[in-house]
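The block underneath contains the structure these notes are about, expressed in structure tokens.
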Amino acid sequence: MRTVAVVGTGLIGTSAALALTGRGLTVHLEDADPDAARTAASLGAGTTEPPVEPVDLAIVAVPPALVGKVLADCQRRGLARHYTDVASVKAGPRGEVTGLGCDTVHYIGGHPMAGREQSGPLAARADLFEGRPWVLTPTPDTDTETLNAALELVALCGAMPVVMDAAAHDRAVALVSHAPQLLSSLVAARLEHADETAVRLSGQGVRDVTRIAASDPRMWLDILSANAAVVADVLDEVATDLGAAVSALRSLAAGDEAGRQAGVAGIEAVMRRGNQGQARIPGKHGAPPTRYETVTVAIGDQPGELGRLFGEVARAGVNIEDVAIDHAAGQRVGLVQLSVAPAAARQLEATLRAHGWDVRD
Ligand SMILES: NC(=O)c1ccc[n+]([C@@H]2O[C@H](COP(=O)([O-])OP(=O)(O)OC[C@H]3O[C@@H](n4cnc5c(N)ncnc54)[C@H](O)[C@@H]3O)[C@@H](O)[C@H]2O)c1
């Protein structure tokens, strides 16, 4: 692949263009907003000159609702030999592409699973897709050459291709992204009018569960609108489980022996199912989930403390697989939880203690 056209030079289109120009490809940029294309070009993402002959691949990087219309227009103009898009939902755009009578032999859907809170070309980064999954959703008649062009695009952007059916993609993102977003918002919404003294008791659990509740509602409205029925199906299933959890808690609260047994069984079942589901979430770099051990160290809330601790761990020859910091309310200390390989944990604790660190059990 030598030449590419990017139609829609916002965050995603410009990021792909930057990655491709960085690999020596010629990239032609266009956008309904000429300023966006000019800005992308000024960042080194390519040229705003139209190509003189069909490019190898056109990347349609416009909002999901416009993918069908823009693809039809590009194909009418004979812009490229192969076409893909990057929309975060796949079944809706696919329906429009088919409905508008587009050439589906030379088209393949795509969704790079990477993004940022900001939009527009100025937020773009050449390394945005590195190491991230990039879902490709062939139509029933996508030809092999088109699939190969998309695979080459994914490789040039440093991403990992995942070939899926469009509807399966939408169910998957509903399950792992869209429904969790709403559930996080729902938990956080309970805090809106809660008593100040209650909110001040917030610990790491509620912080973890509500972290993404800080997201931009307008951006999520677009995403959820495009996958609304599928997300509603997932939440219906959650609602059934929630109903069962409420009944189990009511049985526990009733206090009699039969109720207690039913309640314990109900709560235990949902907790165990949660354990099983959580354990299936892939670990670093998409590797199978690994069980790490946690080494907890109390550090003072002052400049350089974390750096000093990390330096100490590095000198012990231990890789930090993950890190979390639990800030105790009203105290000038933080509990740093270092996730490390189980074989290294006890030795690391001993080394840190020997060097004067406050290692907690
Ligand atoms: N933002 C993310 O985190 C993210 C992640 C993965 C995929 N996506 C998908 O990528 C696509 C683009 O999103 P973005 O975040 O880059 O948005 P963006 O708003 O940054 O960019 C969209 C660009 O499309 C242009 N545009 C609109 N209509 C057009 C038309 N008819 N012809 C040409 N250009 C047109 C806009 O002017 C804008 O510059 C969307 O389909 C989105 O679902 C976004």
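In the structure tokens, chains take the letters A, B, ... in the order shown, each chain's residues start at 1, and ligands count up from 1 in the order shown.
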### Message
Taking 5 positions as the minimum chain separation for residues in the same chain, which residues sit within 10 Å of Glu145 in chain A when counting only C-alpha atoms? Answer as a PyMOL selection string.
### Response
chain A and resi 81-82+105-106+150-151
Put those residues in a file: all heavy atoms, as an mmCIF file, in the first residue's frame.
data_model
loop_
_atom_site.group_PDB
_atom_site.id
_atom_site.type_symbol
_atom_site.label_atom_id
_atom_site.label_comp_id
_atom_site.auth_asym_id
_atom_site.auth_seq_id
_atom_site.Cartn_x
_atom_site.Cartn_y
_atom_site.Cartn_z
ATOM 1 N N ARG A 81 -9.314 2.178 -4.452
ATOM 2 C CA ARG A 81 -9.554 0.788 -4.876
ATOM 3 C C ARG A 81 -10.241 -0.003 -3.760
ATOM 4 O O ARG A 81 -10.985 -0.928 -3.992
ATOM 5 C CB ARG A 81 -8.230 0.133 -5.267
ATOM 6 C CG ARG A 81 -7.569 0.873 -6.460
ATOM 7 C CD ARG A 81 -6.473 0.080 -7.100
ATOM 8 N NE ARG A 81 -5.384 -0.174 -6.173
ATOM 9 C CZ ARG A 81 -4.924 -1.371 -5.890
ATOM 10 N NH1 ARG A 81 -5.467 -2.440 -6.452
ATOM 11 N NH2 ARG A 81 -3.916 -1.519 -5.043
ATOM 12 N N HIS A 82 -9.957 0.381 -2.506
ATOM 13 C CA HIS A 82 -10.573 -0.284 -1.352
ATOM 14 C C HIS A 82 -11.015 0.777 -0.351
ATOM 15 O O HIS A 82 -10.404 1.847 -0.284
ATOM 16 C CB HIS A 82 -9.580 -1.237 -0.670
ATOM 17 C CG HIS A 82 -8.946 -2.186 -1.620
ATOM 18 N ND1 HIS A 82 -9.619 -3.269 -2.143
ATOM 19 C CD2 HIS A 82 -7.701 -2.206 -2.163
ATOM 20 C CE1 HIS A 82 -8.805 -3.923 -2.964
ATOM 21 N NE2 HIS A 82 -7.638 -3.291 -2.997
ATOM 22 N N VAL A 105 -18.167 -5.129 -2.049
ATOM 23 C CA VAL A 105 -17.051 -6.055 -2.322
ATOM 24 C C VAL A 105 -15.733 -5.397 -1.918
ATOM 25 O O VAL A 105 -14.842 -6.044 -1.364
ATOM 26 C CB VAL A 105 -17.030 -6.441 -3.827
ATOM 27 C CG1 VAL A 105 -15.799 -7.269 -4.163
ATOM 28 C CG2 VAL A 105 -18.304 -7.187 -4.197
ATOM 29 N N HIS A 106 -15.637 -4.098 -2.202
ATOM 30 C CA HIS A 106 -14.387 -3.384 -1.923
ATOM 31 C C HIS A 106 -14.472 -2.536 -0.659
ATOM 32 O O HIS A 106 -13.768 -1.532 -0.515
ATOM 33 C CB HIS A 106 -13.995 -2.524 -3.143
ATOM 34 C CG HIS A 106 -13.773 -3.369 -4.345
ATOM 35 N ND1 HIS A 106 -14.673 -3.442 -5.390
ATOM 36 C CD2 HIS A 106 -12.785 -4.244 -4.637
ATOM 37 C CE1 HIS A 106 -14.239 -4.312 -6.284
ATOM 38 N NE2 HIS A 106 -13.098 -4.814 -5.849
ATOM 39 N N ALA A 150 -6.987 -3.653 4.517
ATOM 40 C CA ALA A 150 -7.340 -3.208 5.873
ATOM 41 C C ALA A 150 -6.362 -3.788 6.890
ATOM 42 O O ALA A 150 -5.961 -3.102 7.835
ATOM 43 C CB ALA A 150 -8.768 -3.629 6.195
ATOM 44 N N LEU A 151 -5.955 -5.044 6.688
ATOM 45 C CA LEU A 151 -4.984 -5.656 7.612
ATOM 46 C C LEU A 151 -3.663 -4.903 7.561
ATOM 47 O O LEU A 151 -2.994 -4.713 8.585
ATOM 48 C CB LEU A 151 -4.767 -7.139 7.255
ATOM 49 C CG LEU A 151 -5.926 -8.078 7.600
ATOM 50 C CD1 LEU A 151 -5.707 -9.457 6.979
ATOM 51 C CD2 LEU A 151 -6.107 -8.198 9.119
#
Contacts with ligand 1 at most 7 Å, only C-alpha atoms and all ligand atoms counted, listed as a PyMOL selection string | chain A and resi 7-13+30-33+36+61-64+66+70+86-89+111-117+119-121
Residue with the minimum atom-to-atom distance to Pro93 in chain A, picked from A:Val295, A:Ala226, A:Ala126, A:Ala58 with only C-alpha atoms counted, is A:Ala226
Point to revise | Spatial neighbours of range 303-319 of chain A, 9 Å, only C-alpha atoms, chain gap at least 3 places, as number ranges by chain | key: A: 297, 299-300, 336, 339-341, 344-345, 347-348, 351-352, 355, 357
Would you put the residues from that selection into a file with C-alpha atoms, as a PDB file, in the first residue's frame?
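That gives us again.pdb:
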ATOM      1  CA  VAL A 297       3.408   0.332  50.955  1.00  0.00           C
ATOM      2  CA  ILE A 299       4.143   6.579  51.539  1.00  0.00           C
ATOM      3  CA  GLY A 300       4.090  10.205  52.584  1.00  0.00           C
ATOM      4  CA  VAL A 336       0.472   2.334  47.160  1.00  0.00           C
ATOM      5  CA  SER A 339       0.946  -5.591  41.601  1.00  0.00           C
ATOM      6  CA  VAL A 340       3.910  -7.910  41.040  1.00  0.00           C
ATOM      7  CA  ALA A 341       4.538 -11.512  39.961  1.00  0.00           C
ATOM      8  CA  ALA A 344       8.641 -11.852  43.588  1.00  0.00           C
ATOM      9  CA  ALA A 345       6.178 -10.541  46.197  1.00  0.00           C
ATOM     10  CA  GLN A 347      11.178 -11.064  48.637  1.00  0.00           C
ATOM     11  CA  LEU A 348      10.192  -7.551  47.561  1.00  0.00           C
ATOM     12  CA  THR A 351      13.754  -5.846  50.715  1.00  0.00           C
ATOM     13  CA  LEU A 352      11.516  -2.796  51.088  1.00  0.00           C
ATOM     14  CA  HIS A 355      15.316  -0.291  53.408  1.00  0.00           C
ATOM     15  CA  TRP A 357       9.692   1.359  53.864  1.00  0.00           C
TER      16      TRP A 357
END
- Item | In range 45-257 of chain A, DSSP strand (DSSP E) residues written as number ranges by chain | A: 55-60, 80-85, 107-112, 133-138, 160-163
Select from range 2-86 of chain A every residue with an atom at most 10 Å from any atom of range 130-137 of chain A, then for each give the shortest pair of atoms and their distance in Å to one decimal, using only C-alpha atoms, rows by chain and rising number, as a tab-separated table.
residue	atom	partner	partner_atom	distance
A:Ala19	CA	A:Glu130	CA	9.5
A:Thr84	CA	A:Leu136	CA	8.9
A:Asp85	CA	A:Leu136	CA	9.3
A:Val86	CA	A:Val135	CA	9.0
Give me, please, the distance in Å between CA of Leu147 in chain A and CA of Gly95 in chain A, quoted to one decimal.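 Between CA of Leu147 in chain A and CA of Gly95 in chain A the gap works out to 19.2 Å.
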With distances taken over only C-alpha atoms, the candidate from A:Ala198, A:Leu57, A:Val234, A:Met164 nearest Leu183 in chain A is A:Val234
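The residue set within 12 Å of range 241-244 of chain A, counting only C-alpha atoms and dropping same-chain residues fewer than 5 places from it, reads Leu183, Val234, Leu235, Asp236, Leu249, Arg250, Ser251, Ala262, Gly263, Val264, Ala265, Gly266, Ile267, Glu268, Ala269, Val270, Met271, Arg273 and Gly274 of chain A.
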Worksheet item: So which bits of range 69-210 of chain A end up alpha helix (DSSP H) when you DSSP the backbone, as a count of residues only?
Response: 61
May I have the residues within 8 Å of Glu152 in chain A as a PDB file with C-alpha atoms, in the first residue's frame, using only C-alpha atoms and disregarding those fewer than 4 positions away in the same chain?
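Contents of around_24.pdb, as written:
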ATOM      1  CA  MET A   1       0.000   0.000   0.000  1.00  0.00           C
ATOM      2  CA  ASN A 148      -5.642  -7.504   3.103  1.00  0.00           C
ATOM      3  CA  LEU A 156       1.002   0.131   9.753  1.00  0.00           C
TER       4      LEU A 156
END
*asked:* Need the shell around range 211-216 of chain A: protein/DNA/RNA residues with any atom at most 12 Å away, counting only C-alpha atoms. Skip same-chain ones fewer than 2 positions apart. Format as a ChimeraX atom specification?
replied: /A:116-119,177-192,204-209,218-223
Keeping C-alpha atoms, export the residues of the selection given above as a compact mmCIF listing (two decimals), in the first residue's frame.
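Saved the output as part-v5.txt:
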# COMPACT_ATOMS: atom_id res chain seq x y z
CA ARG A 116 -9.38 10.18 23.63
CA GLU A 117 -11.80 12.51 25.34
CA GLN A 118 -10.96 15.36 22.92
CA SER A 119 -11.94 15.45 19.26
CA SER A 177 -17.98 -0.58 27.17
CA HIS A 178 -21.44 0.94 26.68
CA ALA A 179 -23.37 -0.85 29.48
CA PRO A 180 -20.49 -0.44 31.99
CA GLN A 181 -20.49 3.30 31.24
CA LEU A 182 -24.18 3.61 32.12
CA LEU A 183 -23.81 1.40 35.21
CA SER A 184 -20.94 3.56 36.43
CA SER A 185 -23.07 6.68 35.85
CA LEU A 186 -26.01 5.08 37.71
CA VAL A 187 -23.88 4.28 40.78
CA ALA A 188 -22.39 7.80 40.76
CA ALA A 189 -25.85 9.33 40.32
CA ARG A 190 -26.80 7.91 43.76
CA LEU A 191 -24.18 10.27 45.22
CA GLU A 192 -25.66 13.40 43.62
CA GLN A 204 -11.21 3.02 46.60
CA GLY A 205 -14.18 0.75 45.73
CA VAL A 206 -16.59 3.52 44.84
CA ARG A 207 -13.78 5.49 43.16
CA ASP A 208 -13.00 2.49 40.93
CA VAL A 209 -16.64 1.83 40.03
CA ARG A 218 -22.77 14.56 24.81
CA MET A 219 -20.12 12.22 23.44
CA TRP A 220 -21.80 9.24 25.11
CA LEU A 221 -25.23 10.23 23.86
CA ASP A 222 -23.92 9.86 20.29
CA ILE A 223 -22.37 6.48 21.05
What does the distance from CA of Gly110 in chain A to CA of Gln278 in chain A come to in Å, to one decimal?
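Spanning CA of Gly110 in chain A to CA of Gln278 in chain A is a straight-line distance of 27.1 Å.
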List the spatial neighbours of Leu43 in chain A as a PyMOL selection string - criterion: any atom at most 12 Å away, only C-alpha atoms, same-chain residues fewer than 3 positions off excluded. chain A and resi 9+14-15+17-19+21-22+29+36-40+46-48+121-126
